[in-house]
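Undergrad: File coords.tsv below, TSV, C-alpha atoms:
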```tsv
chain	number	residue	atom	x	y	z
A	2	MET	CA	-35.03	-34.84	6.19
A	3	ILE	CA	-31.69	-33.11	5.91
A	4	GLY	CA	-31.36	-31.28	2.62
A	5	ARG	CA	-28.17	-31.19	0.59
A	6	PRO	CA	-26.49	-27.79	0.22
A	7	ALA	CA	-27.55	-25.96	-2.92
A	8	PRO	CA	-24.90	-25.54	-5.67
A	9	ALA	CA	-24.91	-21.78	-5.11
A	10	THR	CA	-24.10	-22.32	-1.42
A	11	ILE	CA	-21.28	-24.74	-2.20
A	12	PHE	CA	-19.84	-22.31	-4.74
A	13	LYS	CA	-20.06	-19.42	-2.29
A	14	ASP	CA	-18.44	-21.33	0.56
A	15	LEU	CA	-15.60	-22.69	-1.57
A	16	GLY	CA	-15.13	-19.28	-3.19
A	17	LEU	CA	-14.81	-17.51	0.16
A	18	GLU	CA	-12.36	-20.11	1.42
A	19	LEU	CA	-10.23	-19.79	-1.69
A	20	ARG	CA	-10.39	-15.98	-1.60
A	21	ASP	CA	-9.06	-16.05	1.94
A	22	ILE	CA	-6.17	-18.25	0.82
A	23	ILE	CA	-5.39	-15.85	-2.03
A	24	SER	CA	-5.50	-12.68	0.04
A	25	ARG	CA	-3.35	-14.09	2.84
A	26	GLY	CA	-0.80	-15.48	0.41
A	27	THR	CA	-1.18	-18.94	1.96
A	28	ARG	CA	0.98	-21.59	0.26
A	29	LEU	CA	-0.76	-24.83	-0.63
A	30	THR	CA	1.06	-28.13	-0.97
A	31	GLU	CA	0.57	-30.35	-4.01
A	32	PHE	CA	-1.58	-32.62	-1.85
A	33	GLU	CA	-3.78	-29.71	-0.80
A	34	LYS	CA	-4.07	-28.69	-4.44
A	35	LYS	CA	-5.31	-32.17	-5.30
A	36	VAL	CA	-7.92	-31.95	-2.54
A	37	TRP	CA	-9.07	-28.63	-3.97
A	38	ASP	CA	-9.19	-30.17	-7.46
A	39	GLN	CA	-11.48	-32.87	-6.12
A	40	ARG	CA	-13.76	-30.39	-4.36
A	41	ILE	CA	-14.02	-28.29	-7.52
A	42	SER	CA	-14.65	-31.37	-9.66
A	43	LYS	CA	-17.53	-32.25	-7.36
A	44	LEU	CA	-18.97	-28.76	-7.79
A	45	ASN	CA	-18.50	-29.10	-11.55
A	46	GLN	CA	-21.21	-31.75	-11.59
A	47	VAL	CA	-23.83	-29.26	-10.44
A	48	ASP	CA	-22.31	-25.86	-11.31
A	49	PRO	CA	-19.83	-26.02	-14.22
A	50	THR	CA	-19.57	-22.23	-14.52
A	51	GLY	CA	-18.76	-21.80	-10.84
A	52	ALA	CA	-16.22	-24.60	-11.10
A	53	LEU	CA	-14.41	-22.74	-13.91
A	54	GLU	CA	-14.17	-19.63	-11.73
A	55	LEU	CA	-12.81	-21.58	-8.80
A	56	ARG	CA	-10.24	-23.27	-11.02
A	57	GLY	CA	-9.16	-19.78	-12.03
A	58	ASP	CA	-8.79	-18.79	-8.39
A	59	LEU	CA	-6.91	-21.98	-7.57
A	60	GLU	CA	-4.42	-21.18	-10.33
A	61	ALA	CA	-4.03	-17.69	-8.84
A	62	VAL	CA	-2.98	-19.27	-5.53
A	63	PHE	CA	-0.05	-20.81	-7.40
A	64	GLY	CA	0.73	-17.64	-9.37
A	65	ASN	CA	-0.45	-19.08	-12.69
A	66	PHE	CA	-2.22	-15.90	-13.67
A	67	ALA	CA	-2.56	-16.60	-17.40
A	68	GLU	CA	-4.55	-19.71	-16.49
A	69	THR	CA	-6.61	-17.66	-14.05
A	70	ASP	CA	-7.60	-15.25	-16.83
A	71	SER	CA	-8.36	-18.11	-19.17
A	72	PHE	CA	-10.66	-19.89	-16.70
A	73	TYR	CA	-12.47	-16.65	-15.90
A	74	ALA	CA	-12.95	-15.93	-19.62
A	75	ARG	CA	-14.44	-19.38	-20.08
A	76	ALA	CA	-16.72	-18.91	-17.06
A	77	LEU	CA	-17.88	-15.56	-18.40
A	78	ASN	CA	-18.66	-16.98	-21.84
A	79	ARG	CA	-20.46	-19.93	-20.36
A	80	SER	CA	-22.60	-17.68	-18.14
A	81	GLY	CA	-23.80	-15.65	-21.11
A	82	PHE	CA	-22.14	-12.66	-19.45
A	83	ASP	CA	-22.66	-12.45	-15.73
A	84	ILE	CA	-21.25	-9.13	-14.45
A	85	ASP	CA	-20.56	-10.72	-11.06
A	86	ILE	CA	-18.01	-12.99	-12.72
A	87	VAL	CA	-16.21	-9.92	-14.07
A	88	LEU	CA	-16.25	-8.40	-10.58
A	89	ARG	CA	-14.88	-11.59	-8.99
A	90	HIS	CA	-12.17	-11.78	-11.64
A	91	MET	CA	-11.26	-8.17	-10.83
A	92	MET	CA	-11.17	-9.05	-7.12
A	93	THR	CA	-8.71	-11.88	-7.73
A	94	LEU	CA	-6.53	-9.50	-9.71
A	95	VAL	CA	-6.75	-6.86	-6.96
A	96	GLN	CA	-5.76	-9.36	-4.29
A	97	THR	CA	-2.78	-10.60	-6.27
A	98	GLY	CA	-1.51	-7.09	-7.01
A	99	GLN	CA	-2.16	-7.11	-10.74
A	100	SER	CA	-3.26	-3.50	-10.89
A	101	ARG	CA	-2.91	-3.00	-14.63
A	102	LYS	CA	-5.05	-6.03	-15.37
A	103	VAL	CA	-7.74	-4.79	-12.98
A	104	ARG	CA	-8.10	-1.73	-15.20
A	105	GLU	CA	-7.87	-3.76	-18.42
A	106	VAL	CA	-10.66	-6.11	-17.37
A	107	PHE	CA	-12.89	-3.23	-16.36
A	108	GLU	CA	-12.28	-1.29	-19.58
A	109	ARG	CA	-12.86	-4.42	-21.67
A	110	HIS	CA	-16.35	-4.74	-20.22
A	111	ARG	CA	-17.04	-1.09	-19.40
A	112	GLU	CA	-20.13	-0.86	-21.61
A	113	ARG	CA	-21.69	-3.84	-19.86
A	114	PHE	CA	-21.55	-2.03	-16.51
A	115	LYS	CA	-23.81	0.77	-17.69
A	116	GLY	CA	-27.12	0.88	-15.86
A	117	ASN	CA	-25.82	-1.20	-12.95
A	118	PRO	CA	-24.77	1.31	-10.26
A	119	THR	CA	-24.03	-1.38	-7.67
A	120	ALA	CA	-21.57	-3.10	-10.00
A	121	ILE	CA	-20.06	0.24	-11.04
A	122	ARG	CA	-19.46	1.18	-7.40
A	123	GLN	CA	-17.82	-2.18	-6.71
A	124	ALA	CA	-15.60	-1.86	-9.77
A	125	ALA	CA	-14.69	1.73	-8.90
A	126	THR	CA	-13.76	0.68	-5.37
A	127	MET	CA	-11.51	-2.08	-6.71
A	128	LEU	CA	-9.83	0.33	-9.12
A	129	GLY	CA	-9.18	2.78	-6.28
A	130	PHE	CA	-7.85	-0.10	-4.17
A	131	SER	CA	-5.38	-0.89	-6.95
A	132	GLY	CA	-4.03	2.64	-7.21
A	133	TRP	CA	-6.25	3.93	-10.01
A	134	VAL	CA	-7.39	6.96	-8.06
A	135	LEU	CA	-8.14	9.17	-11.06
A	136	ALA	CA	-9.89	6.38	-12.95
A	137	ARG	CA	-12.05	5.75	-9.93
A	138	ARG	CA	-13.12	9.35	-9.87
A	139	GLU	CA	-13.71	9.45	-13.62
A	140	ILE	CA	-15.87	6.32	-13.47
A	141	CYS	CA	-17.92	7.60	-10.56
A	142	GLU	CA	-18.48	10.95	-12.24
A	143	SER	CA	-19.20	9.73	-15.73
A	144	MET	CA	-21.14	6.58	-14.90
A	145	LEU	CA	-22.83	7.44	-11.61
A	146	GLY	CA	-23.22	11.20	-11.88
A	147	SER	CA	-21.57	14.06	-10.04
A	148	SER	CA	-23.55	13.47	-6.85
A	149	GLU	CA	-21.21	10.62	-5.95
A	150	ARG	CA	-18.58	11.75	-3.48
A	151	VAL	CA	-15.01	10.70	-4.26
A	152	ASP	CA	-12.42	11.08	-1.52
A	153	GLU	CA	-9.54	11.24	-3.95
A	154	ALA	CA	-10.87	14.33	-5.72
A	155	GLU	CA	-7.87	16.40	-4.77
A	156	CYS	CA	-5.52	13.95	-6.45
A	157	PHE	CA	-5.92	16.16	-9.47
A	158	ALA	CA	-3.62	18.59	-7.70
A	159	VAL	CA	-0.85	16.01	-7.65
A	160	ASN	CA	2.34	16.85	-9.48
A	161	TRP	CA	2.57	13.80	-11.73
A	162	ASN	CA	6.06	14.67	-13.00
A	163	GLY	CA	5.01	13.65	-16.48
A	164	LEU	CA	3.99	10.18	-15.38
A	165	GLU	CA	0.80	8.35	-16.20
A	166	GLU	CA	-1.56	7.17	-13.48
A	167	SER	CA	-0.52	3.62	-14.31
A	168	ALA	CA	2.82	4.37	-12.62
A	169	VAL	CA	1.01	4.73	-9.30
A	170	ALA	CA	-1.02	1.60	-9.97
A	171	ASP	CA	2.25	-0.25	-10.63
A	172	ALA	CA	3.67	0.83	-7.27
A	173	VAL	CA	0.48	-0.18	-5.46
A	174	GLY	CA	0.28	-3.51	-7.29
A	175	GLU	CA	3.91	-4.34	-6.49
A	176	SER	CA	3.25	-3.47	-2.86
A	177	ILE	CA	0.20	-5.71	-2.61
A	178	SER	CA	2.06	-8.51	-4.36
A	179	TYR	CA	5.03	-8.20	-1.98
A	180	LEU	CA	2.82	-8.04	1.11
A	181	ARG	CA	0.93	-11.13	-0.02
A	182	MET	CA	4.27	-12.92	-0.30
A	183	ARG	CA	4.90	-11.87	3.31
A	184	ASN	CA	1.44	-13.21	4.26
A	185	VAL	CA	0.12	-9.74	4.98
A	186	ASP	CA	-3.52	-9.48	3.96
A	187	VAL	CA	-4.30	-6.00	2.63
A	188	LYS	CA	-7.83	-5.26	3.78
A	189	GLY	CA	-8.27	-1.87	2.19
A	190	THR	CA	-6.49	1.19	0.90
A	191	ARG	CA	-6.67	4.95	1.33
A	192	SER	CA	-5.07	7.61	-0.83
A	193	ILE	CA	-4.39	11.08	0.51
A	194	PRO	CA	-2.99	13.96	-1.51
A	195	VAL	CA	-0.25	15.63	0.54
A	196	ARG	CA	1.59	18.81	-0.39
A	197	ASP	CA	5.20	18.67	0.74
A	198	GLU	CA	7.40	21.54	1.94
A	199	ARG	CA	8.26	22.50	-1.64
A	200	GLY	CA	4.58	22.85	-2.46
A	201	CYS	CA	4.56	19.71	-4.63
A	202	GLY	CA	1.41	17.62	-4.51
A	203	THR	CA	2.15	13.96	-3.86
A	204	ILE	CA	0.05	10.95	-2.93
A	205	LEU	CA	0.31	9.07	0.33
A	206	PHE	CA	-1.15	5.64	-0.42
A	207	GLU	CA	-1.94	3.65	2.69
A	208	LEU	CA	-2.54	-0.09	2.74
A	209	PHE	CA	-4.59	-1.36	5.68
A	210	ALA	CA	-3.41	-4.56	7.30
A	211	GLU	CA	-3.84	-6.41	10.57
A	212	GLY	CA	-0.99	-6.98	12.98
A	213	GLU	CA	1.07	-5.52	15.76
A	214	PRO	CA	2.33	-2.02	14.91
A	215	GLU	CA	6.01	-2.92	15.40
A	216	ALA	CA	5.67	-5.98	13.15
A	217	LEU	CA	3.89	-3.93	10.50
A	218	ALA	CA	6.57	-1.23	10.73
A	219	ASP	CA	9.22	-3.90	10.10
A	220	VAL	CA	7.30	-5.22	7.08
A	221	GLU	CA	6.87	-1.68	5.77
A	222	TRP	CA	10.62	-1.12	6.19
A	223	ASP	CA	11.31	-4.21	4.08
A	224	LEU	CA	8.65	-3.15	1.57
A	225	ASN	CA	10.45	0.17	1.17
A	226	GLY	CA	13.64	-1.69	0.34
A	227	HIS	CA	11.81	-3.92	-2.12
A	228	LEU	CA	10.10	-1.02	-3.92
A	229	GLY	CA	13.40	0.86	-4.08
A	230	SER	CA	15.08	-2.13	-5.73
A	231	LEU	CA	12.46	-2.09	-8.50
A	232	SER	CA	13.23	1.52	-9.49
A	233	LEU	CA	9.56	2.30	-9.97
A	234	PRO	CA	9.06	5.71	-11.64
A	235	ALA	CA	6.23	6.78	-9.31
A	236	ILE	CA	8.41	6.11	-6.26
A	237	GLU	CA	11.61	7.53	-7.73
A	238	ASN	CA	9.83	10.70	-8.87
A	239	GLU	CA	8.13	11.07	-5.50
A	240	VAL	CA	4.65	10.99	-6.98
A	241	VAL	CA	3.57	8.42	-4.42
A	242	SER	CA	4.65	7.04	-1.06
A	243	VAL	CA	3.28	3.68	0.01
A	244	ALA	CA	2.71	3.08	3.71
A	245	LEU	CA	1.06	0.47	5.90
A	246	ALA	CA	-1.79	1.44	8.18
A	247	ILE	CA	-3.46	-0.54	10.93
A	248	ASN	CA	-6.81	-1.89	9.83
A	249	PRO	CA	-9.46	-0.10	11.91
A	250	ASN	CA	-11.91	-3.03	11.96
B	1	MET	CA	15.95	23.18	30.39
B	2	ALA	CA	16.87	21.17	27.31
B	3	ILE	CA	15.07	18.13	25.98
B	4	ALA	CA	16.17	15.11	23.91
B	5	PRO	CA	14.48	13.45	20.90
B	6	THR	CA	13.36	10.63	23.18
B	7	ASP	CA	11.36	13.18	25.19
B	8	LEU	CA	9.41	14.02	22.04
B	9	GLU	CA	8.77	10.35	21.34
B	10	ASP	CA	7.82	9.67	24.96
B	11	PHE	CA	5.43	12.60	24.90
B	12	ALA	CA	3.81	11.32	21.70
B	13	ARG	CA	3.42	7.85	23.25
B	14	ARG	CA	1.99	9.29	26.44
B	15	ILE	CA	-0.73	11.29	24.71
B	16	ALA	CA	-1.56	8.57	22.16
B	17	SER	CA	-3.70	6.63	24.60
B	18	GLY	CA	-7.09	5.02	24.26
B	19	ALA	CA	-8.86	8.17	25.39
B	20	ALA	CA	-7.12	10.46	22.93
B	21	ASP	CA	-9.38	12.63	20.80
B	22	GLU	CA	-8.45	13.44	17.21
B	23	VAL	CA	-6.66	16.68	18.06
B	24	THR	CA	-4.45	14.74	20.48
B	25	VAL	CA	-3.92	11.94	17.95
B	26	ARG	CA	-2.76	14.49	15.40
B	27	ALA	CA	-0.45	16.11	17.95
B	28	ALA	CA	1.07	12.68	18.69
B	29	ILE	CA	1.65	12.00	14.98
B	30	SER	CA	3.26	15.39	14.55
B	31	ARG	CA	5.50	15.13	17.65
B	32	ALA	CA	6.52	11.62	16.63
B	33	TYR	CA	7.77	12.99	13.32
B	34	TYR	CA	9.87	15.58	15.10
B	35	ALA	CA	11.34	12.84	17.26
B	36	ALA	CA	12.39	11.05	14.05
B	37	PHE	CA	13.77	14.29	12.60
B	38	HIS	CA	15.96	14.77	15.66
B	39	TYR	CA	17.01	11.10	15.83
B	40	LEU	CA	18.45	11.56	12.35
B	41	PHE	CA	19.63	15.15	12.72
B	42	ASP	CA	23.27	14.59	13.71
B	43	ILE	CA	23.75	12.04	10.93
B	44	ALA	CA	22.24	14.35	8.31
B	45	ALA	CA	24.26	17.27	9.67
B	46	ALA	CA	27.46	15.30	9.09
B	47	LEU	CA	26.57	14.65	5.44
B	48	PRO	CA	27.65	16.93	2.58
B	49	LYS	CA	25.26	19.70	1.63
B	50	SER	CA	22.78	18.48	-0.96
B	51	ALA	CA	23.25	19.44	-4.60
B	52	LYS	CA	19.63	20.62	-4.54
B	53	CYS	CA	20.18	22.93	-1.59
B	54	PRO	CA	20.10	26.61	-2.58
B	55	ASP	CA	23.18	28.62	-1.57
B	56	TYR	CA	21.19	30.88	0.72
B	57	VAL	CA	20.01	27.96	2.89
B	58	THR	CA	22.40	27.46	5.75
B	59	GLU	CA	20.19	25.47	8.13
B	60	LEU	CA	19.42	21.78	7.91
B	61	THR	CA	15.78	22.08	6.84
B	62	HIS	CA	13.33	19.17	6.61
B	63	HIS	CA	13.68	19.14	2.83
B	64	GLU	CA	17.45	19.40	3.00
B	65	MET	CA	17.59	16.44	5.38
B	66	GLN	CA	15.55	14.39	2.94
B	67	CYS	CA	17.79	15.44	0.03
B	68	ARG	CA	20.97	14.53	1.91
B	69	PHE	CA	19.67	11.06	2.67
B	70	ASP	CA	18.43	10.70	-0.93
B	71	GLU	CA	21.96	11.48	-2.15
B	72	TRP	CA	23.26	9.00	0.43
B	73	GLN	CA	26.91	9.93	0.83
B	74	LEU	CA	26.97	7.94	4.04
B	75	ASP	CA	30.65	7.02	3.76
B	76	VAL	CA	31.30	10.31	5.54
B	77	VAL	CA	29.55	8.87	8.62
B	78	ALA	CA	30.41	5.18	8.30
B	79	PRO	CA	32.85	3.98	5.61
B	80	GLY	CA	31.27	1.52	3.20
B	81	LEU	CA	27.70	2.55	3.93
B	82	SER	CA	27.26	4.51	0.68
B	83	SER	CA	27.00	1.23	-1.18
B	84	ASN	CA	24.11	0.04	0.99
B	85	ARG	CA	21.33	1.09	-1.35
B	86	ILE	CA	18.71	-1.03	0.38
B	87	LEU	CA	19.21	0.83	3.63
B	88	ARG	CA	19.04	4.09	1.69
B	89	ASP	CA	15.72	3.11	0.12
B	90	GLN	CA	14.32	1.92	3.44
B	91	LEU	CA	15.37	4.98	5.40
B	92	THR	CA	14.43	7.62	2.82
B	93	ALA	CA	11.01	6.12	2.12
B	94	SER	CA	10.24	5.80	5.81
B	95	LEU	CA	11.34	9.38	6.45
B	96	LYS	CA	9.08	10.57	3.62
B	97	THR	CA	6.16	8.67	5.09
B	98	VAL	CA	6.53	10.01	8.63
B	99	ARG	CA	6.89	13.51	7.21
B	100	LYS	CA	3.82	13.18	4.98
B	101	LEU	CA	1.80	11.91	7.91
B	102	ARG	CA	2.98	14.90	9.93
B	103	ILE	CA	1.83	17.20	7.12
B	104	LYS	CA	-1.48	15.38	6.97
B	105	ALA	CA	-1.89	15.64	10.76
B	106	ASP	CA	-1.09	19.35	10.84
B	107	TYR	CA	-2.66	20.60	7.61
B	108	ARG	CA	-5.20	18.13	6.25
B	109	LEU	CA	-7.85	18.68	8.88
B	110	GLY	CA	-10.58	17.27	6.64
B	111	SER	CA	-8.98	13.81	6.50
B	112	ASP	CA	-9.74	11.47	9.38
B	113	MET	CA	-6.87	10.40	11.62
B	114	THR	CA	-7.21	7.78	14.30
B	115	LEU	CA	-5.34	6.41	17.26
B	116	ALA	CA	-4.27	3.52	14.99
B	117	ASP	CA	-2.54	6.06	12.73
B	118	ALA	CA	-0.66	7.47	15.71
B	119	THR	CA	0.31	3.99	16.92
B	120	MET	CA	1.64	3.09	13.48
B	121	GLN	CA	3.51	6.39	13.19
B	122	LEU	CA	5.20	5.71	16.52
B	123	ALA	CA	6.18	2.19	15.44
B	124	ARG	CA	7.62	3.65	12.24
B	125	VAL	CA	9.57	6.24	14.19
B	126	GLY	CA	10.88	3.45	16.41
B	127	ARG	CA	12.14	1.67	13.28
B	128	LEU	CA	13.85	4.84	12.07
B	129	LYS	CA	15.49	5.29	15.47
B	130	ARG	CA	16.89	1.76	15.29
B	131	ALA	CA	18.33	2.51	11.86
B	132	ALA	CA	19.88	5.75	13.11
B	133	ASP	CA	21.42	3.92	16.07
B	134	GLU	CA	22.82	1.22	13.77
B	135	ILE	CA	24.39	3.86	11.49
B	136	ARG	CA	25.98	5.56	14.49
B	137	GLN	CA	27.31	2.23	15.76
B	138	LEU	CA	28.83	1.46	12.38
B	139	GLY	CA	30.41	4.90	12.37
B	140	ALA	CA	31.78	4.47	15.88
B	141	ALA	CA	33.14	1.01	15.07
B	142	SER	CA	35.08	2.36	12.11
B	143	SER	CA	36.47	5.40	13.94
B	144	PRO	CA	40.11	5.30	15.10
B	145	ALA	CA	40.31	4.65	18.83
```
Translate this structure into structure tokens?
TA:
Amino acid sequence: MIGRPAPATIFKDLGLELRDIISRGTRLTEFEKKVWDQRISKLNQVDPTGALELRGDLEAVFGNFAETDSFYARALNRSGFDIDIVLRHMMTLVQTGQSRKVREVFERHRERFKGNPTAIRQAATMLGFSGWVLARREICESMLGSSERVDEAECFAVNWNGLEESAVADAVGESISYLRMRNVDVKGTRSIPVRDERGCGTILFELFAEGEPEALADVEWDLNGHLGSLSLPAIENEVVSVALAINPN
Amino acid sequence: MAIAPTDLEDFARRIASGAADEVTVRAAISRAYYAAFHYLFDIAAALPKSAKCPDYVTELTHHEMQCRFDEWQLDVVAPGLSSNRILRDQLTASLKTVRKLRIKADYRLGSDMTLADATMQLARVGRLKRAADEIRQLGAASSPA
């Protein structure tokens, strides 16, 4: 007898498929959206909470981020507070370049993370991914203990030029958002404190992507133009430089 | 015997091969930056001295080059180019990145650097070279015969 896939398996498979669409910036047609609606409706019959999450992700594909947040909030309430739903919401925000919201969602539920080191590590990684390098360190130190190693430790030596850390997160978020529009899937990030010739500490924030080096260099060139047009304080004050790097995996 | 900026880039490409160890990778990243510096040198040298440049500095330093491009008085080189702010943002940001990676390669020994980093640095330098060539062409096209 061939068994039917369990609801958890259906949710996981659909979720991964949708996450791939989000991270690659794939455009869906109205017809494809309807197909997704039907697939999610089918899941709704066996897993209503999972269906709410997926509806949130589907809205994110179309840039309807207020709806995304609303669906995730409903899923979280319905679950009786499942920390994994918070983490998946954060992931959707990370992948769509909404750095400030990544931090907001974490801070809103910060107390709920206590006593769950795995979830804290995942959240800290996502915050670092989104440009919150100091917050990542603070969370690791205060919630996991000082034994946790944080690569960005030296970011404290950065000359912030009076700016808040959110200015860096804004630059990183705008970069991820732009790259997604160009169908460049950011696989990871790395922040390096670099002291320039004047002795000023600045951050080199690298975004890992797949592709031919020359093609990535062209995209980075365009990204530089885009970021310049936004007059972002962290870029204008030379607190951070954003660069593409070739994904090692 | 003199060398040209392309020799620096060629050298960086030659040593950035599959068998390169990290010391070699870092050397390639560093040499690639210097290739970019020299690709842009004559353009920067033609620009007015930066307002940030101290009086005692008479050479075109790395920082001074960056400042001159930041101030972007490119009309001196190619009339009309000063209004091209997108090109300014693209070129200055890319120059900052190649320089920061050079600093990382030469001074941040505790941070990992891989062949992929060298490959990307070389691609970036190639993009900067194209921009420098385009600026020169625009300048030459607007010069009286």
Undergrad: Quick check, in Å to one decimal: how far apart do CA of Trp161 (chain A) and CA of Ile204 (chain A) lie?
TA: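 Distance between the two atoms: 9.6 Å.
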Undergrad: Show me, as a VMD selection string, the residues that have an atom within 12 Å of Ala170 (chain A) when counting all atoms listed in the file, minus same-chain residues fewer than 3 positions from it.
TA: chain A and resid 95 98 to 104 127 to 137 164 to 167 173 to 178 192 204 206 233 to 236 240 to 243
Undergrad: Distance CA of Tyr34 (chain B)-CA of Ser83 (chain B), one decimal place?
TA: 27.6 Å
Undergrad: Name the residues in contact with region 36-45 of chain B at a cut-off of 8 Å, using all atoms listed in the file, excluding same-chain residues fewer than 6 positions from it; report them as a PyMOL selection string.
TA: chain B and resi 5+60+62+65+68-69+77+95+125+128-129+132+136
Undergrad: Pull out every residue of chain A that has at least one atom within 6 Å of chain B, counting all atoms listed in the file, and report them as JSON, numbers by chain.
TA: {"A": [214, 215, 218, 222, 225, 226, 229, 247]}
Undergrad: Determine the nearest neighbour of Cys67 (chain B) from the options A:Val62, A:Phe82, A:Asp21, A:Glu239, counting only C-alpha atoms.
TA: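 Distance minimum relative to Cys67 (chain B) lands on A:Glu239.
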Undergrad: Just how far from CA of Phe107 (chain A) is CA of Val87 (chain A), in Å to one decimal?
TA: 7.8 Å
Undergrad: Hey, can I get the axis-aligned box for region 238-249 of chain A? All listed atoms, 3 Å padding on each side, centre and edge lengths in Å to one decimal, as JSON.
TA:
```
{"center_x": 0.2, "center_y": 4.6, "center_z": 1.5, "size_x": 25.3, "size_y": 19.0, "size_z": 26.8}
```
Undergrad: Mind listing whatever residues come within 12 Å of the point (-1.6, 20.1, 0.5)? Use all atoms listed in the file, file coordinates, and give them as a PyMOL selection string.
TA: (chain A and resi 155-160+193-205) or (chain B and resi 100-111)
Undergrad: Using all atoms listed in the file, which of A:Asn238, A:Thr50, A:Ser24, A:Ser42 sits nearest Ser80 (chain A)?
TA: A:Thr50
Undergrad: Near Thr119 (chain A), counting only C-alpha atoms, which residues have an atom at most 12 Å away, once you skip same-chain residues fewer than 3 positions from it, shown as a PyMOL selection string?
TA: chain A and resi 84-85+88+114-116+122-126+141+144-145
Undergrad: Might you pull out every residue within 10 Å of Asp10 (chain B), with all atoms listed in the file counted and same-chain residues fewer than 4 positions away left off, and present them as a ChimeraX atom specification?
TA: /B:5-6,14-16,28,31-32,35,122
Undergrad: Find the residues around Thr58 (chain B) up to 12 Å (only C-alpha atoms counted), leave out those fewer than 4 positions away in its own chain, and share them as a ChimeraX atom specification.
TA: /B:45,49-50,53-54,64
